[in-house]
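Text of the file data_33.cif, holding mmCIF, C-alpha atoms:
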```
data_work
#
loop_
_atom_site.label_atom_id
_atom_site.label_comp_id
_atom_site.auth_asym_id
_atom_site.auth_seq_id
_atom_site.Cartn_x
_atom_site.Cartn_y
_atom_site.Cartn_z
CA MET A 1 128.10 119.38 104.42
CA ALA A 2 127.46 120.28 100.77
CA THR A 3 130.22 117.85 99.82
CA VAL A 4 128.69 115.03 101.83
CA CYS A 5 125.34 115.75 100.22
CA ALA A 6 126.93 115.62 96.76
CA VAL A 7 128.53 112.27 97.65
CA ALA A 8 125.13 110.91 98.69
CA VAL A 9 123.56 112.05 95.42
CA TRP A 10 126.34 111.13 93.01
CA SER A 11 126.96 107.73 94.55
CA VAL A 12 123.67 106.67 92.94
CA VAL A 13 125.09 107.35 89.47
CA LEU A 14 128.32 105.56 90.32
CA VAL A 15 126.45 102.55 91.70
CA LEU A 16 124.27 102.30 88.59
CA VAL A 17 127.31 102.48 86.29
CA LEU A 18 129.13 99.80 88.31
CA CYS A 19 125.99 97.63 88.31
CA ALA A 20 125.70 97.94 84.53
CA LEU A 21 129.38 97.03 84.08
CA ALA A 22 129.16 94.07 86.42
CA ALA A 23 125.88 92.92 84.82
CA LEU A 24 127.47 92.94 81.35
CA TRP A 25 130.42 90.98 82.67
CA THR A 26 128.04 88.53 84.36
CA VAL A 27 126.11 87.96 81.12
CA VAL A 28 129.40 87.17 79.34
CA MET A 29 130.27 84.67 82.09
CA VAL A 30 126.83 83.04 81.92
CA VAL A 31 127.05 82.71 78.13
CA ARG A 32 130.58 81.27 78.31
CA ASP A 33 129.55 79.08 81.25
CA GLU A 34 132.40 80.37 83.40
CA SER A 35 132.11 79.49 87.06
CA PRO A 36 133.02 80.55 89.66
CA PRO A 37 133.60 84.21 88.71
CA SER A 38 137.21 85.38 88.56
CA ASP A 39 139.04 87.34 91.27
CA ARG A 40 138.92 90.42 89.06
CA TYR A 41 135.16 90.18 88.94
CA PHE A 42 134.98 89.98 92.71
CA ALA A 43 137.29 93.01 92.88
CA LEU A 44 134.68 94.94 90.86
CA LEU A 45 131.96 93.76 93.26
CA GLY A 46 134.22 94.92 96.08
CA VAL A 47 134.37 98.41 94.58
CA LEU A 48 130.58 98.39 94.22
CA LEU A 49 130.22 97.34 97.85
CA ALA A 50 132.63 100.09 98.97
CA VAL A 51 130.61 102.73 97.10
CA LEU A 52 127.41 101.43 98.71
CA VAL A 53 128.95 101.69 102.17
CA VAL A 54 130.15 105.26 101.45
CA GLN A 55 126.63 106.07 100.23
CA LEU A 56 125.10 104.69 103.42
CA VAL A 57 127.43 106.76 105.60
CA ALA A 58 127.03 109.95 103.53
CA ALA A 59 123.24 109.74 103.45
CA ALA A 60 123.13 109.00 107.18
CA VAL A 61 125.36 112.00 107.92
CA VAL A 62 123.19 114.32 105.79
CA LEU A 63 119.91 113.07 107.25
CA LEU A 64 121.01 113.02 110.87
CA GLY A 65 123.22 116.09 110.78
CA THR A 66 121.11 118.59 108.85
CA ASP A 67 117.51 119.74 108.45
CA ARG A 68 117.29 117.67 105.31
CA ASP A 69 114.32 115.30 105.50
CA VAL A 70 113.04 112.48 103.31
CA ALA A 71 109.44 111.59 102.50
CA GLU A 72 109.57 108.02 103.78
CA PRO A 73 112.36 107.86 106.35
CA THR A 74 111.73 104.24 107.37
CA THR A 75 111.72 102.92 103.82
CA PHE A 76 114.69 105.09 102.89
CA GLY A 77 116.78 103.89 105.82
CA ALA A 78 115.84 100.24 105.28
CA TYR A 79 116.78 100.48 101.59
CA LEU A 80 120.10 102.15 102.39
CA VAL A 81 121.11 99.34 104.72
CA THR A 82 119.61 96.42 102.79
CA VAL A 83 121.19 97.42 99.48
CA VAL A 84 124.63 96.95 101.08
CA LEU A 85 123.71 93.36 102.05
CA VAL A 86 122.51 92.31 98.60
CA VAL A 87 125.97 92.21 96.98
CA PRO A 88 127.57 89.76 99.47
CA PHE A 89 124.41 87.62 99.28
CA GLY A 90 124.73 87.35 95.48
CA ALA A 91 128.47 86.68 95.70
CA ALA A 92 127.88 83.90 98.23
CA LEU A 93 125.30 82.25 95.96
CA ALA A 94 127.71 82.39 93.01
CA LEU A 95 130.44 80.75 95.10
CA VAL A 96 128.20 78.04 96.53
CA GLU A 97 126.53 77.15 93.25
CA ARG A 98 129.45 76.63 90.87
CA SER A 99 127.45 76.52 87.69
CA ARG A 100 125.91 78.87 85.17
CA TRP A 101 122.90 79.24 87.48
CA GLY A 102 124.96 80.46 90.40
CA THR A 103 126.54 83.09 88.19
CA ALA A 104 123.11 84.08 86.92
CA ALA A 105 122.04 84.64 90.54
CA LEU A 106 124.51 87.55 90.52
CA LEU A 107 122.36 89.17 87.84
CA VAL A 108 119.43 89.01 90.24
CA ALA A 109 121.54 90.67 92.94
CA LEU A 110 122.79 93.41 90.59
CA ALA A 111 119.29 94.10 89.25
CA THR A 112 118.05 94.32 92.84
CA VAL A 113 120.77 96.84 93.73
CA ALA A 114 119.95 98.93 90.64
CA ALA A 115 116.21 98.88 91.37
CA MET A 116 116.78 99.86 95.00
CA GLU A 117 119.08 102.72 93.98
CA VAL A 118 116.42 104.10 91.63
CA ARG A 119 113.89 103.89 94.45
CA LEU A 120 116.30 105.61 96.88
CA ASP A 121 116.85 108.38 94.34
CA GLN A 122 113.08 108.81 93.90
CA ILE A 123 112.49 109.14 97.64
CA TRP A 124 115.42 111.55 97.97
CA ARG A 125 114.10 113.79 95.17
CA LEU A 126 110.57 113.73 96.58
CA ALA A 127 111.80 115.66 99.59
CA GLY A 128 114.08 117.90 97.54
CA ALA A 129 111.20 119.16 95.41
CA MET B 1 118.40 61.44 101.33
CA ARG B 2 121.21 63.96 101.28
CA GLU B 3 120.72 64.33 97.58
CA ALA B 4 116.98 64.79 97.94
CA THR B 5 117.41 67.67 100.37
CA SER B 6 119.70 69.60 98.07
CA THR B 7 118.05 69.25 94.65
CA LEU B 8 115.45 72.00 95.16
CA ALA B 9 118.07 74.67 95.75
CA THR B 10 120.69 73.63 93.20
CA GLY B 11 121.04 74.46 89.52
CA PRO B 12 118.12 76.59 88.31
CA GLY B 13 116.71 76.30 91.83
CA ARG B 14 119.54 78.47 93.14
CA LEU B 15 118.47 81.25 90.82
CA LEU B 16 114.87 80.83 91.94
CA VAL B 17 115.93 80.97 95.59
CA ALA B 18 117.73 84.24 94.88
CA VAL B 19 114.64 85.82 93.31
CA TYR B 20 112.33 84.46 96.02
CA ALA B 21 114.63 85.76 98.73
CA VAL B 22 114.58 89.23 97.19
CA PHE B 23 110.78 89.20 97.07
CA ALA B 24 110.50 87.79 100.58
CA LEU B 25 112.62 90.71 101.75
CA ALA B 26 110.79 93.31 99.67
CA ALA B 27 107.31 92.14 100.63
CA THR B 28 108.17 91.73 104.32
CA GLY B 29 109.70 95.19 104.45
CA ARG B 30 106.82 96.71 102.59
CA SER B 31 104.10 95.14 104.73
CA ALA B 32 105.99 95.95 107.93
CA VAL B 33 106.25 99.63 107.00
CA GLN B 34 102.66 99.81 105.75
CA LEU B 35 101.10 98.05 108.72
CA GLY B 36 103.40 99.77 111.19
CA THR B 37 102.84 103.33 110.05
CA GLU B 38 99.39 103.61 108.46
CA ALA B 39 97.47 100.38 108.95
CA ASP B 40 94.06 102.12 108.81
CA ARG B 41 94.54 103.65 105.38
CA ALA B 42 94.20 100.50 103.29
CA PRO B 43 93.76 97.47 105.55
CA LEU B 44 92.95 95.06 102.71
CA ALA B 45 95.90 96.09 100.55
CA TYR B 46 98.30 95.94 103.49
CA SER B 47 97.02 92.58 104.68
CA LEU B 48 97.57 91.25 101.18
CA SER B 49 101.11 92.61 101.27
CA LEU B 50 101.61 90.66 104.48
CA LEU B 51 100.12 87.51 102.94
CA ALA B 52 102.47 87.89 99.97
CA ALA B 53 105.39 88.34 102.35
CA VAL B 54 104.52 85.16 104.25
CA LEU B 55 104.13 83.15 101.04
CA TYR B 56 107.46 84.36 99.68
CA LEU B 57 109.14 83.52 102.99
CA VAL B 58 107.60 80.03 103.05
CA ALA B 59 108.62 79.38 99.44
CA THR B 60 112.17 80.60 100.05
CA THR B 61 112.53 78.44 103.14
CA CYS B 62 111.10 75.35 101.45
CA LEU B 63 113.34 75.75 98.41
CA LEU B 64 116.37 76.00 100.69
CA ARG B 65 115.34 73.04 102.87
CA GLY B 66 114.35 70.62 100.13
CA GLY B 67 112.91 67.15 100.64
CA ALA B 68 109.46 65.72 99.92
CA THR B 69 107.60 67.66 102.65
CA ALA B 70 109.18 70.97 101.71
CA ARG B 71 108.25 70.32 98.09
CA ARG B 72 104.62 69.76 99.03
CA VAL B 73 104.47 72.86 101.23
CA ALA B 74 106.19 74.92 98.55
CA LEU B 75 103.71 73.66 95.96
CA VAL B 76 100.80 74.91 98.09
CA ALA B 77 102.50 78.26 98.79
CA VAL B 78 103.38 78.84 95.16
CA THR B 79 99.88 77.86 93.98
CA VAL B 80 98.26 80.30 96.43
CA GLU B 81 100.77 82.89 95.26
CA ALA B 82 99.79 82.32 91.61
CA ALA B 83 96.09 82.62 92.50
CA GLY B 84 96.82 85.70 94.62
CA VAL B 85 98.66 87.62 91.94
CA LEU B 86 95.98 86.78 89.35
CA VAL B 87 93.04 87.70 91.60
CA VAL B 88 94.60 90.82 93.13
CA GLY B 89 96.01 91.85 89.75
CA THR B 90 92.55 91.65 88.18
CA LEU B 91 90.78 93.30 91.15
CA SER B 92 93.24 96.20 91.15
CA TYR B 93 92.04 97.04 87.64
CA VAL B 94 88.30 96.39 87.98
CA ALA B 95 87.67 97.32 91.63
CA THR B 96 90.08 100.21 92.22
CA GLU B 97 88.14 101.39 95.31
CA LEU B 98 89.29 98.25 97.15
CA PHE B 99 92.90 99.35 96.82
CA PRO B 100 93.59 102.91 97.96
CA ASP B 101 97.24 101.90 98.17
CA LYS B 102 99.28 99.37 96.24
CA THR B 103 100.33 95.85 97.17
CA VAL B 104 103.11 93.76 95.68
CA TRP B 105 100.49 92.08 93.50
CA SER B 106 98.60 95.19 92.32
CA HIS B 107 98.38 95.50 88.54
CA PHE B 108 99.98 92.06 88.25
CA GLY B 109 103.14 93.25 89.98
CA GLN B 110 103.74 96.19 87.65
CA GLY B 111 105.74 98.03 90.31
CA TYR B 112 108.18 95.11 90.38
CA GLY B 113 108.63 94.67 86.65
CA PHE B 114 105.79 92.10 86.49
CA LEU B 115 108.11 89.59 88.16
CA PRO B 116 105.46 88.71 90.79
CA LEU B 117 103.32 87.46 87.88
CA VAL B 118 106.06 85.30 86.35
CA LEU B 119 107.61 84.04 89.57
CA PRO B 120 104.89 81.62 90.80
CA PHE B 121 104.76 79.92 87.41
CA LEU B 122 108.53 79.54 87.28
CA GLY B 123 108.27 78.15 90.81
CA LEU B 124 105.54 75.68 89.81
CA TRP B 125 107.57 74.57 86.79
CA TRP B 126 110.67 74.01 88.89
CA LEU B 127 108.84 72.18 91.69
CA LEU B 128 107.15 69.86 89.20
CA THR B 129 110.45 69.25 87.39
CA VAL B 130 112.14 68.22 90.64
CA GLU B 131 109.09 66.15 91.61
CA ARG B 132 109.30 64.22 88.34
CA ARG B 133 113.02 63.64 88.77
CA ALA B 134 112.47 62.36 92.29
CA ALA B 135 109.74 60.00 91.07
CA VAL B 136 112.09 58.62 88.41
CA ASP B 137 114.85 58.12 90.99
CA GLU B 138 112.54 56.29 93.36
CA GLY B 139 110.74 54.19 90.75
#
```

Just dump the structure as structure tokens.
Amino acid sequence: MATVCAVAVWSVVLVLVLCALAALWTVVMVVRDESPPSDRYFALLGVLLAVLVVQLVAAAVVLLGTDRDVAEPTTFGAYLVTVVLVVPFGAALALVERSRWGTAALLVALATVAAMEVRLDQIWRLAGA
Amino acid sequence: MREATSTLATGPGRLLVAVYAVFALAATGRSAVQLGTEADRAPLAYSLSLLAAVLYLVATTCLLRGGATARRVALVAVTVEAAGVLVVGTLSYVATELFPDKTVWSHFGQGYGFLPLVLPFLGLWWLLTVERRAAVDEG
């Protein structure tokens, strides 16, 4: 169970790093007016999505399977699930709107994921203290 | 007509839809949790969260739908939103006792990177830009 807990905690760091990488890449695409994003870019988003799913499962296992509690369980659970949905939403926008603006919408999605991860981490720590 | 329905949500509008959708989600979630779990603690603040949620949802829907009616409805929603964030933002500083808990608009949306303050004005700018374009096309 300690391993699962570590996965839940460290996935936040991994997600933030992946978000930063993808955001940088997105800015380059917006500046160069590249649209739609390349397959390689979507592969990176795929990795990000996979990490988010692993995070969801790990956190669920820890919360449901142990005594571990969080301060705001409803908010925490909603964030865990919603954050997984944000990435496909951004990707869909970028594919539908084949212009600089559609690519820029990915920045919104990535910033949302990053903000939600920070919030998840805060709630998690609140209970750990 | 087909063109008129799509202009609001294309180009810069697509970006705006993305941001509005995020806020619609955030505000709806927030007000649902607040009203569902501790409605008595700060009824005014939580009702305002709900109002914000509704306005964001209306704006998102109108941007996606497009057309003259949607533009008018969106204009009203975004204007109320601008007024809301300015009034609530100011009140949260000068009349702190009114807000025992935060809303999306408290302190001009500080908790959300001040985006709630910028968003309605971006929305107004975009709606008026599209409105002008439509007027040129028709005239």

Hey, what's within 9 Å of segment 82-95 of chain A if we count all atoms listed in the file and toss same-chain stuff fewer than 5 positions away? As a PyMOL selection string, please?
-> (chain A and resi 35-37+42+45-46+48-50+52-53+56+77+100-110+112-113+116-117) or (chain B and resi 14-15+18+22)

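Running the PyMOL selection byres ((chain B and resi 125-131) around 8) on this file leaves Thr7, Leu8, Pro12, Gly13, Arg71, Ala74, Leu75, Phe121, Leu122, Gly123, Leu124, Arg132, Arg133, Ala134 and Ala135 of chain B selected.
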
Chain B residues near chain A within 10 Å, closest pair each, using all atoms listed in the file, as a Markdown table:
```
| residue | atom | partner | partner_atom | distance |
| --- | --- | --- | --- | --- |
| B:Ala9 | CA | A:Glu97 | CA | 9.2 |
| B:Thr10 | CA | A:Glu97 | CA | 6.8 |
| B:Gly11 | CA | A:Trp101 | CA | 5.5 |
| B:Pro12 | CA | A:Trp101 | CA | 5.5 |
| B:Gly13 | CA | A:Trp101 | CA | 8.1 |
| B:Arg14 | CA | A:Gly102 | CA | 6.4 |
| B:Leu15 | CA | A:Ala105 | CA | 4.9 |
| B:Leu16 | CA | A:Ala105 | CA | 8.2 |
| B:Val17 | CA | A:Ala105 | CA | 8.7 |
| B:Ala18 | CA | A:Ala105 | CA | 6.1 |
| B:Val19 | CA | A:Val108 | CA | 6.5 |
| B:Ala21 | CA | A:Phe89 | CA | 10.0 |
| B:Val22 | CA | A:Thr112 | CA | 7.5 |
| B:Phe23 | CA | A:Thr112 | CA | 9.8 |
| B:Leu25 | CA | A:Thr82 | CA | 9.1 |
| B:Ala26 | CA | A:Tyr79 | CA | 9.5 |
| B:Gly29 | CA | A:Ala78 | CA | 8.0 |
| B:Arg30 | CA | A:Thr75 | CA | 8.0 |
| B:Ala32 | CA | A:Thr75 | CA | 9.9 |
| B:Val33 | CA | A:Thr75 | CA | 7.1 |
| B:Gln34 | CA | A:Thr75 | CA | 9.8 |
| B:Thr37 | CA | A:Thr74 | CA | 9.3 |
| B:Tyr112 | CA | A:Ala115 | CA | 8.9 |
| B:Gly113 | CA | A:Ala115 | CA | 9.9 |
```

Go ahead and write the selection's residues with C-alpha atoms as a CSV table (one decimal), keeping the file's coordinate frame.
```csv
chain,number,residue,atom,x,y,z
B,9,ALA,CA,118.1,74.7,95.8
B,10,THR,CA,120.7,73.6,93.2
B,11,GLY,CA,121.0,74.5,89.5
B,12,PRO,CA,118.1,76.6,88.3
B,13,GLY,CA,116.7,76.3,91.8
B,14,ARG,CA,119.5,78.5,93.1
B,15,LEU,CA,118.5,81.2,90.8
B,16,LEU,CA,114.9,80.8,91.9
B,17,VAL,CA,115.9,81.0,95.6
B,18,ALA,CA,117.7,84.2,94.9
B,19,VAL,CA,114.6,85.8,93.3
B,21,ALA,CA,114.6,85.8,98.7
B,22,VAL,CA,114.6,89.2,97.2
B,23,PHE,CA,110.8,89.2,97.1
B,25,LEU,CA,112.6,90.7,101.8
B,26,ALA,CA,110.8,93.3,99.7
B,29,GLY,CA,109.7,95.2,104.4
B,30,ARG,CA,106.8,96.7,102.6
B,32,ALA,CA,106.0,96.0,107.9
B,33,VAL,CA,106.2,99.6,107.0
B,34,GLN,CA,102.7,99.8,105.8
B,37,THR,CA,102.8,103.3,110.0
B,112,TYR,CA,108.2,95.1,90.4
B,113,GLY,CA,108.6,94.7,86.6
```

Residues matched by the PyMOL selection byres ((chain B and resi 93) around 12), written as a ChimeraX atom specification | /B:86-92,94-100,102,105-110

When you draw a straight line from atom CA of Leu14 of chain A to atom CA of Arg125 of chain A, how long is it in Å?
->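 Distance reported for this atom pair: 17.1 Å.
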
Just the residues within 10 Å of Val17 of chain A, please, counting only C-alpha atoms, with nothing from its chain fewer than 6 positions along; format it as a ChimeraX atom specification.
-> /A:11,23,48,114

Exactly which residues make up the result of the PyMOL selection byres ((chain A and resi 62-68) around 8) on this file, given as a list in words?
-> Met1, Val4, Cys5, Ala58, Ala59, Ala60, Val61, Asp69 and Val70 of chain A

Select, from B:Val78, B:Ala39, B:Leu117, B:Ala24, the residue with the minimum atom-to-atom distance to Tyr56 of chain B, counting all atoms listed in the file.
-> B:Ala24

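Separating atom CA of Leu35 of chain B from atom CA of Pro73 of chain A is a distance of 15.1 Å.
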
Atom CA of Leu50 of chain B and atom CA of Ala83 of chain B are how many Å apart?
->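 Between these atoms lies a distance of 15.4 Å.
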
Could you check which of B:Thr28, B:Ala82, B:Asp101, B:Glu138 is closest to Leu115 of chain B, using only C-alpha atoms?
-> B:Ala82

Pick out the closest residue to Leu24 of chain A from this set: A:Trp124, A:Tyr41, A:Val51, A:Val57. Count only C-alpha atoms.
-> A:Tyr41

Give the answer as one residue: which of B:Thr103, B:Val76, B:Arg65, B:Ala70 has the shortest atom-to-atom distance to Ala52 of chain B, using all atoms listed in the file?
-> B:Thr103

Smallest atom-to-atom distance to Val118 of chain B: which of B:Val85, B:Val104, B:Ala27, B:Leu55, using all atoms listed in the file?
-> B:Val85
